[in-house]
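Colleague: input08.txt is reproduced in full below (compact mmCIF, C-alpha atoms).
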# COMPACT_ATOMS: atom_id res chain seq x y z
CA MET Y 220 1.10 2.13 10.93
CA ALA Y 221 3.79 1.35 13.49
CA ALA Y 222 3.31 3.31 16.69
CA GLY Y 223 4.87 6.75 16.50
CA SER Y 224 4.71 7.28 12.76
CA GLY Y 225 1.70 9.46 13.36
CA LEU Y 226 -0.22 11.78 11.16
CA VAL Y 227 -0.28 12.28 7.41
CA LEU Y 228 2.79 14.50 7.54
CA TRP Y 229 4.04 13.67 11.03
CA ALA Y 230 7.57 13.74 9.71
CA LEU Y 231 6.99 17.12 8.17
CA GLY Y 232 5.87 18.63 11.46
CA LEU Y 233 8.94 17.36 13.25
CA ALA Y 234 11.13 18.68 10.47
CA THR Y 235 10.30 22.27 11.34
CA LEU Y 236 11.55 21.76 14.90
CA LEU Y 237 15.15 21.11 13.87
CA LEU Y 238 17.83 23.27 12.31
CA PRO Y 239 19.44 21.27 9.52
CA VAL Y 240 22.51 22.06 7.45
CA VAL Y 241 21.45 22.08 3.81
CA PRO Y 242 23.35 22.81 0.63
CA ARG Y 243 21.66 26.12 -0.16
CA GLY Y 244 20.10 28.96 1.79
CA SER Y 245 19.35 29.28 5.48
CA PRO Y 246 17.54 26.49 7.37
CA SER Y 247 14.41 28.55 7.76
CA ALA Y 248 14.34 29.33 4.05
CA ALA Y 249 14.75 25.65 3.21
CA GLU Y 250 11.93 24.71 5.58
CA ARG Y 251 9.61 27.26 4.01
CA ARG Y 252 10.50 26.03 0.53
CA CYS Y 253 9.52 22.47 1.46
CA PHE Y 254 6.04 23.35 2.60
CA CYS Y 255 4.97 26.65 1.11
CA GLN Y 256 3.36 25.04 -1.94
CA VAL Y 257 1.81 22.06 -0.14
CA THR Y 258 -1.46 23.88 0.38
CA GLY Y 259 -4.74 24.40 -1.38
CA HIS Y 260 -6.36 22.54 -4.25
CA LEU Y 261 -5.15 19.17 -5.59
CA ASP Y 262 -5.10 18.61 -9.35
CA ASP Y 263 -7.73 16.21 -10.74
CA CYS Y 264 -9.63 16.41 -7.42
CA THR Y 265 -12.27 18.56 -5.78
CA CYS Y 266 -10.39 18.39 -2.48
CA ASP Y 267 -7.69 20.49 -0.83
CA VAL Y 268 -4.76 19.74 1.45
CA GLU Y 269 -6.21 21.50 4.50
CA THR Y 270 -9.43 19.46 4.46
CA ILE Y 271 -7.46 16.20 4.31
CA ASP Y 272 -5.14 17.27 7.14
CA ALA Y 273 -7.99 18.17 9.48
CA PHE Y 274 -10.00 15.02 8.69
CA ASN Y 275 -7.05 12.65 9.03
CA ASN Y 276 -5.21 14.13 11.97
CA TYR Y 277 -8.14 14.73 14.28
CA LYS Y 278 -10.72 12.13 13.25
CA LEU Y 279 -9.41 9.15 11.32
CA PHE Y 280 -5.81 8.47 12.26
CA PRO Y 281 -6.22 7.92 16.03
CA ARG Y 282 -8.77 5.17 15.36
CA LEU Y 283 -6.73 3.68 12.51
CA ASN Y 284 -3.59 3.54 14.64
CA GLU Y 285 -5.48 1.59 17.31
CA LEU Y 286 -6.76 -0.85 14.67
CA LEU Y 287 -3.30 -1.53 13.28
CA GLU Y 288 -1.98 -2.44 16.72
CA SER Y 289 -4.52 -5.28 17.03
CA ASP Y 290 -3.46 -8.89 16.48
CA TYR Y 291 -5.42 -9.30 13.27
CA PHE Y 292 -3.66 -6.42 11.53
CA ARG Y 293 -0.15 -6.62 12.96
CA TYR Y 294 0.70 -10.08 11.56
CA TYR Y 295 1.41 -10.23 7.83
CA LYS Y 296 2.42 -13.40 5.99
CA VAL Y 297 5.01 -12.83 3.30
CA ASN Y 298 7.55 -14.73 1.22
CA LEU Y 299 10.71 -12.63 1.23
CA LYS Y 300 12.79 -15.29 -0.54
CA LYS Y 301 11.16 -15.20 -3.96
CA PRO Y 302 13.76 -14.63 -6.69
CA CYS Y 303 13.74 -11.49 -8.77
CA PRO Y 304 11.82 -12.28 -11.98
CA PHE Y 305 13.41 -9.56 -14.12
CA TRP Y 306 17.17 -9.78 -13.73
CA ASN Y 307 19.70 -12.23 -12.35
CA ASP Y 308 20.66 -10.56 -9.12
CA ASN Y 309 20.69 -12.56 -5.93
CA SER Y 310 22.63 -9.99 -3.94
CA HIS Y 311 21.07 -8.94 -0.66
CA CYS Y 312 21.73 -6.08 1.69
CA GLY Y 313 24.33 -7.15 4.23
CA ILE Y 314 23.46 -4.40 6.70
CA ARG Y 315 21.95 -5.87 9.87
CA ASP Y 316 19.09 -3.36 9.89
CA CYS Y 317 17.94 -4.78 6.54
CA ALA Y 318 17.00 -8.04 8.25
CA VAL Y 319 13.42 -8.99 9.07
CA LYS Y 320 12.71 -11.05 12.16
CA PRO Y 321 9.87 -13.51 11.47
CA CYS Y 322 7.48 -14.60 14.21
CA PRO Y 323 7.91 -17.96 15.94
CA SER Y 324 4.78 -19.96 15.12
CA ASP Y 325 3.61 -20.04 18.74
CA GLU Y 326 3.47 -16.23 18.84
CA VAL Y 327 0.94 -15.96 16.01
CA PRO Y 328 -2.68 -16.25 17.22
CA ASP Y 329 -4.17 -19.70 16.56
CA GLY Y 330 -7.01 -18.35 14.44
CA ILE Y 331 -4.61 -16.59 12.07
CA ARG Y 332 -2.11 -19.43 11.87
CA SER Y 333 -4.74 -22.09 11.19
CA GLY Y 334 -6.30 -20.23 8.29
CA SER Y 335 -7.94 -16.87 8.81
CA TYR Y 336 -10.13 -16.82 5.74
CA LYS Y 337 -12.86 -18.32 7.93
CA TYR Y 338 -15.27 -15.46 8.29
CA SER Y 339 -18.46 -17.40 9.00
CA GLU Y 340 -19.59 -20.94 9.70
CA GLU Y 341 -21.39 -21.09 6.35
CA ALA Y 342 -18.30 -19.96 4.45
CA ASN Y 343 -16.12 -22.42 6.39
CA ASN Y 344 -18.27 -25.39 5.50
CA LEU Y 345 -18.45 -24.38 1.86
CA ALA Y 346 -14.70 -23.79 1.67
CA GLU Y 347 -13.96 -27.20 3.18
CA GLU Y 348 -16.19 -28.89 0.59
CA CYS Y 349 -14.44 -27.00 -2.20
CA GLU Y 350 -10.99 -27.90 -0.92
CA GLU Y 351 -11.98 -31.56 -0.74
CA ALA Y 352 -13.29 -31.47 -4.30
CA LYS Y 353 -10.12 -29.77 -5.48
CA ARG Y 354 -8.03 -32.45 -3.75
CA LEU Y 355 -9.90 -35.17 -5.62
CA GLY Y 356 -9.02 -33.42 -8.87
CA ALA Y 357 -12.51 -33.01 -10.24
CA VAL Y 358 -15.93 -31.61 -9.44
CA ASP Y 359 -17.53 -34.31 -7.32
CA GLY Y 360 -21.03 -35.02 -8.60
CA SER Y 361 -22.20 -35.68 -5.04
CA LEU Y 362 -21.71 -32.01 -4.14
CA SER Y 363 -24.78 -29.83 -4.21
CA LYS Y 364 -25.39 -27.55 -7.16
CA GLU Y 365 -24.87 -24.58 -4.85
CA THR Y 366 -21.44 -25.86 -3.80
CA GLN Y 367 -20.43 -26.60 -7.39
CA GLN Y 368 -21.43 -23.06 -8.34
CA ALA Y 369 -19.46 -21.68 -5.41
CA MET Y 370 -16.41 -23.61 -6.60
CA LEU Y 371 -16.68 -22.07 -10.05
CA GLN Y 372 -17.08 -18.62 -8.53
CA TRP Y 373 -14.02 -19.03 -6.33
CA THR Y 374 -11.99 -20.34 -9.24
CA ARG Y 375 -12.94 -17.24 -11.20
CA HIS Y 376 -11.96 -15.14 -8.21
CA ASP Y 377 -8.57 -16.83 -7.94
CA ASP Y 378 -7.91 -16.22 -11.62
CA SER Y 379 -9.52 -12.81 -11.56
CA SER Y 380 -8.44 -10.34 -14.20
CA ASP Y 381 -9.16 -7.62 -11.64
CA SER Y 382 -6.10 -8.54 -9.59
CA PHE Y 383 -3.60 -5.70 -9.58
CA CYS Y 384 -0.81 -7.51 -7.72
CA GLU Y 385 1.28 -10.60 -8.17
CA ALA Y 386 0.14 -12.94 -5.41
CA ASP Y 387 2.68 -14.41 -3.03
CA ASP Y 388 2.82 -18.17 -2.62
CA PHE Y 389 1.53 -18.14 0.94
CA TYR Y 390 1.68 -21.92 1.18
CA SER Y 391 5.38 -22.01 0.37
CA PRO Y 392 7.64 -23.13 3.23
CA ASP Y 393 9.47 -19.83 2.66
CA ALA Y 394 6.38 -17.77 3.56
CA GLU Y 395 6.49 -16.59 7.17
CA TYR Y 396 4.46 -14.39 9.48
CA VAL Y 397 6.02 -11.05 10.36
CA ASP Y 398 5.00 -8.78 13.23
CA LEU Y 399 4.81 -5.38 11.54
CA LEU Y 400 5.07 -3.53 14.84
CA LEU Y 401 8.42 -5.18 15.55
CA ASN Y 402 9.74 -4.57 12.02
CA PRO Y 403 8.91 -0.89 11.39
CA GLU Y 404 9.55 0.88 8.11
CA ARG Y 405 12.66 3.01 8.55
CA TYR Y 406 16.04 3.82 7.02
CA THR Y 407 18.25 0.74 6.87
CA GLY Y 408 21.23 2.03 4.87
CA TYR Y 409 19.98 0.43 1.65
CA LYS Y 410 20.78 2.89 -1.15
CA GLY Y 411 23.02 3.42 -4.15
CA PRO Y 412 22.95 1.51 -7.46
CA ASP Y 413 20.71 -1.32 -6.21
CA ALA Y 414 17.97 1.00 -4.92
CA TRP Y 415 18.44 3.21 -8.00
CA LYS Y 416 17.82 0.21 -10.26
CA ILE Y 417 14.50 -0.59 -8.58
CA TRP Y 418 13.03 2.89 -8.90
CA ASN Y 419 14.43 3.38 -12.38
CA SER Y 420 12.68 0.20 -13.52
CA ILE Y 421 9.42 1.32 -11.91
CA TYR Y 422 9.38 4.78 -13.46
CA GLU Y 423 10.99 4.16 -16.84
CA GLU Y 424 9.38 0.86 -17.72
CA ASN Y 425 6.10 0.88 -15.81
CA CYS Y 426 4.87 4.46 -15.59
CA PHE Y 427 2.96 6.03 -18.46
CA LYS Y 428 4.85 8.88 -20.08
CA PRO Y 429 5.27 10.48 -23.49
CA GLN Y 430 7.77 8.48 -25.50
CA ASN Y 431 9.97 11.50 -26.21
CA VAL Y 432 10.44 12.34 -22.52
CA LYS Y 433 13.30 10.77 -20.59
CA ARG Y 434 13.30 10.99 -16.83
CA PRO Y 435 16.78 10.14 -15.56
CA LEU Y 436 17.32 9.32 -11.93
CA ALA Y 437 19.99 11.14 -9.96
CA SER Y 438 21.96 8.24 -8.52
CA GLY Y 439 24.24 10.31 -6.32
CA ARG Y 440 23.77 11.20 -2.62
CA GLY Y 441 21.41 8.30 -2.13
CA GLU Y 442 18.76 10.23 -4.06
CA SER Y 443 16.35 7.89 -5.78
CA PHE Y 444 13.67 10.21 -7.10
CA ILE Y 445 12.72 11.08 -10.65
CA TYR Y 446 13.30 14.57 -11.96
CA LEU Y 447 10.71 15.52 -14.54
CA THR Y 448 12.22 17.40 -17.44
CA ASN Y 449 9.16 19.53 -18.09
CA ALA Y 450 6.81 21.17 -15.60
CA CYS Y 451 4.00 20.73 -18.15
CA PHE Y 452 4.79 17.04 -18.44
CA PHE Y 453 1.15 15.97 -17.99
CA SER Y 454 -0.56 18.62 -20.08
CA GLY Y 455 -1.40 16.20 -22.92
CA VAL Y 456 -1.78 13.02 -20.87
CA CYS Y 457 -5.20 11.52 -20.03
CA ILE Y 458 -6.44 11.50 -16.45
CA GLU Y 459 -5.91 7.75 -16.02
CA LYS Y 460 -2.23 7.94 -16.96
CA ARG Y 461 -1.72 11.06 -14.86
CA ALA Y 462 -3.34 9.28 -11.94
CA PHE Y 463 -1.13 6.21 -12.35
CA TYR Y 464 2.03 8.29 -12.23
CA LYS Y 465 0.80 10.29 -9.24
CA LEU Y 466 -0.05 7.12 -7.33
CA ILE Y 467 3.46 5.75 -7.80
CA SER Y 468 5.02 9.11 -7.00
CA GLY Y 469 2.85 9.37 -3.88
CA LEU Y 470 3.91 5.89 -2.77
CA HIS Y 471 7.55 6.84 -3.37
CA ALA Y 472 7.08 10.04 -1.37
CA SER Y 473 5.52 8.12 1.52
CA ILE Y 474 8.43 5.69 1.66
CA ASN Y 475 10.99 8.51 1.57
CA ILE Y 476 9.19 10.44 4.32
CA HIS Y 477 9.29 7.41 6.60
CA LEU Y 478 12.96 6.76 5.85
CA SER Y 479 13.73 10.39 6.71
CA ALA Y 480 11.54 10.41 9.82
CA ARG Y 481 13.04 7.20 11.21
CA TYR Y 482 16.68 7.62 10.28
CA LEU Y 483 19.57 5.91 12.04
CA LEU Y 484 21.16 8.90 13.77
CA GLN Y 485 23.48 7.00 16.08
CA ASP Y 486 24.86 3.48 15.82
CA THR Y 487 27.33 2.46 18.52
CA TRP Y 488 28.01 -0.75 20.39
CA SER Y 489 25.91 0.50 23.30
CA GLU Y 490 23.03 2.30 21.60
CA LYS Y 491 21.04 2.80 18.42
CA LYS Y 492 19.15 6.05 18.06
CA TRP Y 493 16.48 6.62 15.41
CA GLY Y 494 14.86 9.94 14.63
CA PRO Y 495 14.10 12.64 12.04
CA ASN Y 496 16.87 13.52 9.59
CA VAL Y 497 15.76 16.85 8.15
CA THR Y 498 18.66 17.14 5.72
CA GLU Y 499 17.72 13.79 4.21
CA PHE Y 500 14.12 14.94 3.95
CA GLN Y 501 15.07 18.19 2.24
CA GLN Y 502 17.21 16.41 -0.34
CA ARG Y 503 14.03 14.67 -1.48
CA PHE Y 504 11.46 17.44 -1.10
CA ASP Y 505 13.07 20.88 -0.97
CA GLU Y 506 11.86 22.95 -3.92
CA VAL Y 507 15.31 24.26 -4.89
CA ILE Y 508 17.28 21.04 -4.43
CA THR Y 509 14.69 18.99 -6.35
CA ARG Y 510 14.34 21.56 -9.15
CA GLY Y 511 10.77 22.36 -8.21
CA GLU Y 512 9.57 18.76 -7.90
CA GLY Y 513 9.51 18.40 -4.09
CA PRO Y 514 6.15 20.10 -3.41
CA ARG Y 515 4.54 18.16 -6.28
CA ARG Y 516 5.78 14.91 -4.77
CA LEU Y 517 4.17 15.82 -1.46
CA LYS Y 518 0.91 16.69 -3.18
CA ASN Y 519 1.00 13.29 -4.90
CA LEU Y 520 1.08 11.77 -1.42
CA TYR Y 521 -2.25 13.46 -0.73
CA PHE Y 522 -3.62 12.18 -4.04
CA LEU Y 523 -2.68 8.64 -3.07
CA TYR Y 524 -4.37 9.18 0.30
CA LEU Y 525 -7.60 10.21 -1.43
CA ILE Y 526 -7.57 7.13 -3.68
CA GLU Y 527 -7.12 4.72 -0.78
CA LEU Y 528 -9.64 6.61 1.36
CA ARG Y 529 -12.17 6.31 -1.45
CA ALA Y 530 -11.59 2.55 -1.60
CA LEU Y 531 -12.26 2.24 2.14
CA SER Y 532 -15.53 4.11 1.73
CA LYS Y 533 -16.59 1.79 -1.11
CA VAL Y 534 -15.77 -1.53 0.55
CA LEU Y 535 -17.99 -1.01 3.61
CA PRO Y 536 -20.73 -3.49 2.47
CA PHE Y 537 -18.19 -6.32 2.36
CA PHE Y 538 -17.18 -5.85 5.99
CA GLU Y 539 -20.50 -4.93 7.58
CA ARG Y 540 -22.18 -8.25 6.78
CA PRO Y 541 -23.16 -10.02 10.04
CA GLY Y 542 -21.34 -13.19 8.98
CA PHE Y 543 -17.99 -11.46 8.47
CA GLN Y 544 -15.49 -11.65 11.30
CA LEU Y 545 -11.85 -10.77 11.79
CA TYR Y 546 -10.93 -14.25 12.95
CA THR Y 547 -8.04 -14.63 15.41
CA GLY Y 548 -9.59 -17.15 17.81
CA ASN Y 549 -10.26 -14.59 20.55
CA GLU Y 550 -13.99 -14.06 20.04
CA SER Y 551 -14.54 -11.04 22.30
CA HIS Y 552 -11.48 -9.27 20.95
CA ASP Y 553 -12.52 -10.05 17.37
CA VAL Y 554 -15.90 -8.41 17.97
CA GLU Y 555 -14.25 -5.27 19.37
CA VAL Y 556 -11.84 -5.02 16.44
CA LYS Y 557 -14.63 -5.48 13.89
CA ASN Y 558 -16.62 -2.68 15.55
CA LEU Y 559 -13.56 -0.43 15.40
CA LEU Y 560 -13.04 -1.38 11.74
CA LEU Y 561 -16.65 -0.49 10.87
CA ASP Y 562 -16.30 2.79 12.76
CA ILE Y 563 -13.30 3.66 10.57
CA LEU Y 564 -15.08 2.68 7.35
CA HIS Y 565 -18.17 4.72 8.22
CA LEU Y 566 -15.88 7.64 9.02
CA ALA Y 567 -14.14 7.21 5.67
CA LYS Y 568 -17.52 7.23 3.94
CA SER Y 569 -18.42 10.50 5.68
CA PHE Y 570 -15.48 12.39 4.14
CA PRO Y 571 -17.04 15.33 2.27
CA LEU Y 572 -14.76 15.63 -0.76
CA HIS Y 573 -14.02 12.14 -2.06
CA PHE Y 574 -12.13 11.52 -5.28
CA ASP Y 575 -14.55 10.76 -8.12
CA GLU Y 576 -13.31 7.54 -9.69
CA ASN Y 577 -16.13 7.67 -12.25
CA SER Y 578 -13.88 9.91 -14.33
CA PHE Y 579 -11.64 6.88 -14.87
CA PHE Y 580 -12.09 4.88 -18.09
CA ALA Y 581 -15.23 6.78 -18.98
CA GLY Y 582 -14.69 7.23 -22.72
CA ASN Y 583 -15.09 4.82 -25.62
CA LYS Y 584 -15.80 1.41 -24.06
CA LYS Y 585 -13.34 -0.51 -26.20
CA GLU Y 586 -10.54 1.99 -25.64
CA ALA Y 587 -11.42 2.25 -21.94
CA ALA Y 588 -11.20 -1.53 -21.52
CA LYS Y 589 -7.83 -1.60 -23.26
CA LEU Y 590 -6.51 1.23 -21.09
CA LYS Y 591 -7.80 -0.40 -17.91
CA GLU Y 592 -6.01 -3.65 -18.78
CA GLU Y 593 -2.81 -1.72 -19.52
CA PHE Y 594 -3.22 0.10 -16.20
CA ARG Y 595 -3.64 -3.21 -14.36
CA LEU Y 596 -0.66 -4.90 -16.02
CA HIS Y 597 1.63 -1.95 -15.35
CA PHE Y 598 0.77 -2.04 -11.66
CA LYS Y 599 1.05 -5.83 -11.48
CA ASN Y 600 4.53 -5.52 -12.96
CA ILE Y 601 5.48 -3.06 -10.23
CA SER Y 602 4.31 -5.52 -7.58
CA LYS Y 603 6.66 -8.12 -9.11
CA ILE Y 604 9.59 -5.69 -8.98
CA MET Y 605 9.30 -5.68 -5.18
CA ASP Y 606 10.85 -9.16 -5.22
CA CYS Y 607 14.00 -7.55 -6.64
CA VAL Y 608 14.57 -5.28 -3.63
CA GLY Y 609 17.80 -6.37 -1.94
CA CYS Y 610 16.94 -5.13 1.55
CA PHE Y 611 14.48 -7.54 3.18
CA LYS Y 612 12.89 -4.91 5.41
CA CYS Y 613 12.47 -2.60 2.42
CA ARG Y 614 11.09 -5.55 0.45
CA LEU Y 615 8.59 -6.33 3.21
CA TRP Y 616 7.16 -2.80 3.29
CA GLY Y 617 7.37 -2.43 -0.48
CA LYS Y 618 5.38 -5.63 -1.02
CA LEU Y 619 2.84 -4.69 1.64
CA GLN Y 620 2.27 -1.17 0.34
CA THR Y 621 1.97 -2.19 -3.31
CA GLN Y 622 -0.46 -4.95 -2.34
CA GLY Y 623 -2.42 -2.44 -0.28
CA LEU Y 624 -2.66 0.00 -3.17
CA GLY Y 625 -3.45 -2.85 -5.57
CA THR Y 626 -6.28 -3.94 -3.27
CA ALA Y 627 -7.61 -0.37 -3.20
CA LEU Y 628 -7.65 -0.31 -7.02
CA LYS Y 629 -9.34 -3.71 -7.10
CA ILE Y 630 -12.08 -2.33 -4.83
CA LEU Y 631 -12.60 0.78 -6.95
CA PHE Y 632 -12.90 -1.29 -10.11
CA SER Y 633 -15.30 -3.79 -8.46
CA GLU Y 634 -18.00 -1.37 -7.36
CA ASN Y 635 -20.79 -3.21 -9.18
CA LEU Y 636 -19.82 -6.51 -7.58
CA ILE Y 637 -19.62 -4.96 -4.11
CA GLU Y 638 -23.09 -3.47 -4.48
CA LYS Y 639 -24.48 -6.96 -5.18
CA ILE Y 640 -22.98 -8.60 -2.08
CA PRO Y 641 -25.74 -10.41 -0.13
CA GLU Y 642 -26.21 -9.58 3.54
CA SER Y 643 -25.71 -13.22 4.50
CA GLY Y 644 -23.67 -16.04 3.03
CA PRO Y 645 -20.46 -15.89 0.98
CA SER Y 646 -19.90 -12.95 -1.37
CA TYR Y 647 -19.13 -14.98 -4.48
CA GLY Y 648 -18.61 -12.09 -6.85
CA PHE Y 649 -16.17 -10.13 -4.69
CA GLN Y 650 -13.66 -11.51 -2.22
CA LEU Y 651 -10.79 -10.16 -0.15
CA THR Y 652 -8.25 -12.50 1.39
CA ARG Y 653 -6.82 -11.78 4.82
CA GLN Y 654 -3.55 -10.77 3.13
CA GLU Y 655 -5.36 -8.15 1.07
CA ILE Y 656 -7.24 -6.85 4.12
CA VAL Y 657 -4.11 -6.53 6.26
CA ALA Y 658 -2.19 -4.91 3.38
CA LEU Y 659 -5.03 -2.49 2.55
CA PHE Y 660 -5.26 -1.00 6.05
CA ASN Y 661 -1.54 -1.03 6.82
CA ALA Y 662 -0.74 0.64 3.51
CA PHE Y 663 -3.30 3.34 4.29
CA GLY Y 664 -1.76 3.60 7.74
CA ARG Y 665 1.56 4.50 6.13
CA LEU Y 666 -0.07 7.59 4.62
Written as structure tokens, that's how I'd like the structure from this file.
Modeller:
Amino acid sequence: MAAGSGLVLWALGLATLLLPVVPRGSPSAAERRCFCQVTGHLDDCTCDVETIDAFNNYKLFPRLNELLESDYFRYYKVNLKKPCPFWNDNSHCGIRDCAVKPCPSDEVPDGIRSGSYKYSEEANNLAEECEEAKRLGAVDGSLSKETQQAMLQWTRHDDSSDSFCEADDFYSPDAEYVDLLLNPERYTGYKGPDAWKIWNSIYEENCFKPQNVKRPLASGRGESFIYLTNACFFSGVCIEKRAFYKLISGLHASINIHLSARYLLQDTWSEKKWGPNVTEFQQRFDEVITRGEGPRRLKNLYFLYLIELRALSKVLPFFERPGFQLYTGNESHDVEVKNLLLDILHLAKSFPLHFDENSFFAGNKKEAAKLKEEFRLHFKNISKIMDCVGCFKCRLWGKLQTQGLGTALKILFSENLIEKIPESGPSYGFQLTRQEIVALFNAFGRL
């Protein structure tokens, strides 16, 4: 998370300090309406809001914020020039705050720039042999059986059906490193029909819902949230489909909170001033203005937090292997950052009320497999939609956060593979690229 974004609901805390002008009721009444229902038990979970707040704000977030300011986690490679795969629209946001400033190559640490998938000497040697064999176009018979097997395993990994995101072409000349701390997520002025089209496509075409329910977006006032037409919308929907919708809604809520918390309040030739815009926040989350949906949106943010926290607790064996390193080229710093990372993962594992993902896809095996594949394809489609976002800064953070959530889902659905990871040597059955690692922790940092 960029410095200053703060705690789970940092923006919410600041909101109560200001006196906004809102369409209905007094400011104090509007403030109470935003938060009065964001308490207590979360649906489909054994956890409550207060437990999450205390754990995150006082234990986890300070360490996580320090981690995300390190070199390994602040540089993210992304291709922001990929064309939209769904509609012919090459228009881009012309507002200067939509721009993303890539890093000059000499500013990116050598270890990251030269290929930061090198976690151990053993893995490096094996990877080099595999790359050489790939270059020759065939499996070289002179390679050892172990190396040939590793090649097959990595090929399966690259083509894995457990991938929840559309992978960027990181070797494209259009892919560039971006310093996330210098390109923070905030309001850029990108709104209206273009932004409306993105969220409409996500909700209407890629979220599970009863066929007879339409969920129109309100395209006025810059509002880009869904209004559910029935408070009992999910009463007959299975837990997997409810969870999918709540994950997307939670991601949407997170993005809107950050846009409201870092809003362009003043833009003159001499000064730009960014800060909390409470009116903007209330338009998205006030109970009256949103027809009762605002508090549910905020609770979905907590649900998303629990899912990603659970993934962090599950992936610990992958990172705690002695041969794994966060490779930047600065050995002493890399050791410190890995120790901090392990501290965070152990802390995540200690959380007392984790989400129980075993309730997912637990029915008839054939139907469960079909539903899981549908779940995966829906989310993969959403990751592709991020290439249709016209604002490059919005596209950057959209791609990062969807990849982070997709990586969390990949972890949760790979538990058996993670449990079989050997203490030394490459983990053939389960792999995370540097892109996935950086996206996973930065996406969680947004929450």
Colleague: Around (-24.3, -10.9, 0.9), as given in the file, which residues come within 10 Å? Count only C-alpha atoms and list them as an NGL selection string.
Modeller: :Y and (536-537 or 539-543 or 637-649)
Colleague: Expressed in Å to a single decimal, how great is the separation between atom CA of Y:Tyr482 and atom CA of Y:Thr407?
Modeller: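 Taking atom CA of Y:Tyr482 and atom CA of Y:Thr407, their separation equals 7.8 Å.
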Colleague: Just want the 12 Å neighbourhood of Y:Pro403, counted on only C-alpha atoms, with same-chain residues fewer than 2 positions away dropped. Output as a PyMOL selection string.
Modeller: chain Y and resi 220-224+293+316-320+397-401+405-407+474+477-478+480-482+493+611-613+615-616+661+665
Colleague: Taking all atoms of stretch 538-550 of chain Y that the file lists and extending 5 Å past them on each side, where is the centre of the axis-aligned box and how long are its edges? Answer in Å to one decimal, as lines of an AutoDock Vina configuration file.
Modeller:
center_x = -15.6
center_y = -11.0
center_z = 13.3
size_x = 25.1
size_y = 22.2
size_z = 24.6
Colleague: Which of these residues is nearest to Y:Asp606, using all atoms listed in the file: Y:Ser468, Y:Lys618, Y:Lys518, Y:Asp575?
Modeller: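 Closest residue, counting all atoms listed in the file: Y:Lys618.
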Colleague: What is the distance, in Å and to one decimal place, between atom CA of Y:Pro571 and atom CA of Y:Cys266?
Modeller: 8.7 Å
Colleague: At most 6 Å is the cut-off: for each residue in stretch 529-557 of chain Y with any atom that close to an atom of stretch 321-336 of chain Y, write down the nearest atom pair and the distance in Å rounded to one decimal, counting all atoms listed in the file, chain first then increasing number, as a tab-separated table.
Modeller:
residue	atom	partner	partner_atom	distance
Y:Tyr546	CA	Y:Ser335	CA	5.7
Y:Thr547	CA	Y:Gly330	CA	4.0
Y:Gly548	CA	Y:Gly330	CA	4.4
Colleague: Deliver the residues from the most recent selection as a file, using C-alpha atoms, as a compact mmCIF listing (two decimals), in the frame of the given file.
Modeller:
# COMPACT_ATOMS: atom_id res chain seq x y z
CA TYR Y 546 -10.93 -14.25 12.95
CA THR Y 547 -8.04 -14.63 15.41
CA GLY Y 548 -9.59 -17.15 17.81
Colleague: Quick one: pull the distance between atom CA of Y:Lys533 and atom CA of Y:Phe579, Å, one decimal.
Modeller: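 That distance, rounded to one decimal, is 15.5 Å.
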Colleague: Around (-13.8, -3.5, -8.3) in the file's own coordinates, what residues are found within 10 Å if you use all atoms listed in the file, given back as a PyMOL selection string?
Modeller: chain Y and resi 381-382+530+533-534+626-637+648-649
Colleague: Next, the residues of the selection above should be written as an mmCIF file, in the coordinates of the input with C-alpha atoms.
Modeller:
data_model
loop_
_atom_site.group_PDB
_atom_site.id
_atom_site.type_symbol
_atom_site.label_atom_id
_atom_site.label_comp_id
_atom_site.auth_asym_id
_atom_site.auth_seq_id
_atom_site.Cartn_x
_atom_site.Cartn_y
_atom_site.Cartn_z
ATOM 1 C CA ASP Y 381 -9.160 -7.620 -11.640
ATOM 2 C CA SER Y 382 -6.100 -8.540 -9.590
ATOM 3 C CA ALA Y 530 -11.590 2.550 -1.600
ATOM 4 C CA LYS Y 533 -16.590 1.790 -1.110
ATOM 5 C CA VAL Y 534 -15.770 -1.530 0.550
ATOM 6 C CA THR Y 626 -6.280 -3.940 -3.270
ATOM 7 C CA ALA Y 627 -7.610 -0.370 -3.200
ATOM 8 C CA LEU Y 628 -7.650 -0.310 -7.020
ATOM 9 C CA LYS Y 629 -9.340 -3.710 -7.100
ATOM 10 C CA ILE Y 630 -12.080 -2.330 -4.830
ATOM 11 C CA LEU Y 631 -12.600 0.780 -6.950
ATOM 12 C CA PHE Y 632 -12.900 -1.290 -10.110
ATOM 13 C CA SER Y 633 -15.300 -3.790 -8.460
ATOM 14 C CA GLU Y 634 -18.000 -1.370 -7.360
ATOM 15 C CA ASN Y 635 -20.790 -3.210 -9.180
ATOM 16 C CA LEU Y 636 -19.820 -6.510 -7.580
ATOM 17 C CA ILE Y 637 -19.620 -4.960 -4.110
ATOM 18 C CA GLY Y 648 -18.610 -12.090 -6.850
ATOM 19 C CA PHE Y 649 -16.170 -10.130 -4.690
#
Colleague: Counting all atoms listed in the file, which of Y:Val556, Y:Ile417, Y:Val608, Y:Leu528 gets nearest to Y:Leu299?
Modeller: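 With all atoms listed in the file as the atom set, the closest residue is Y:Val608.
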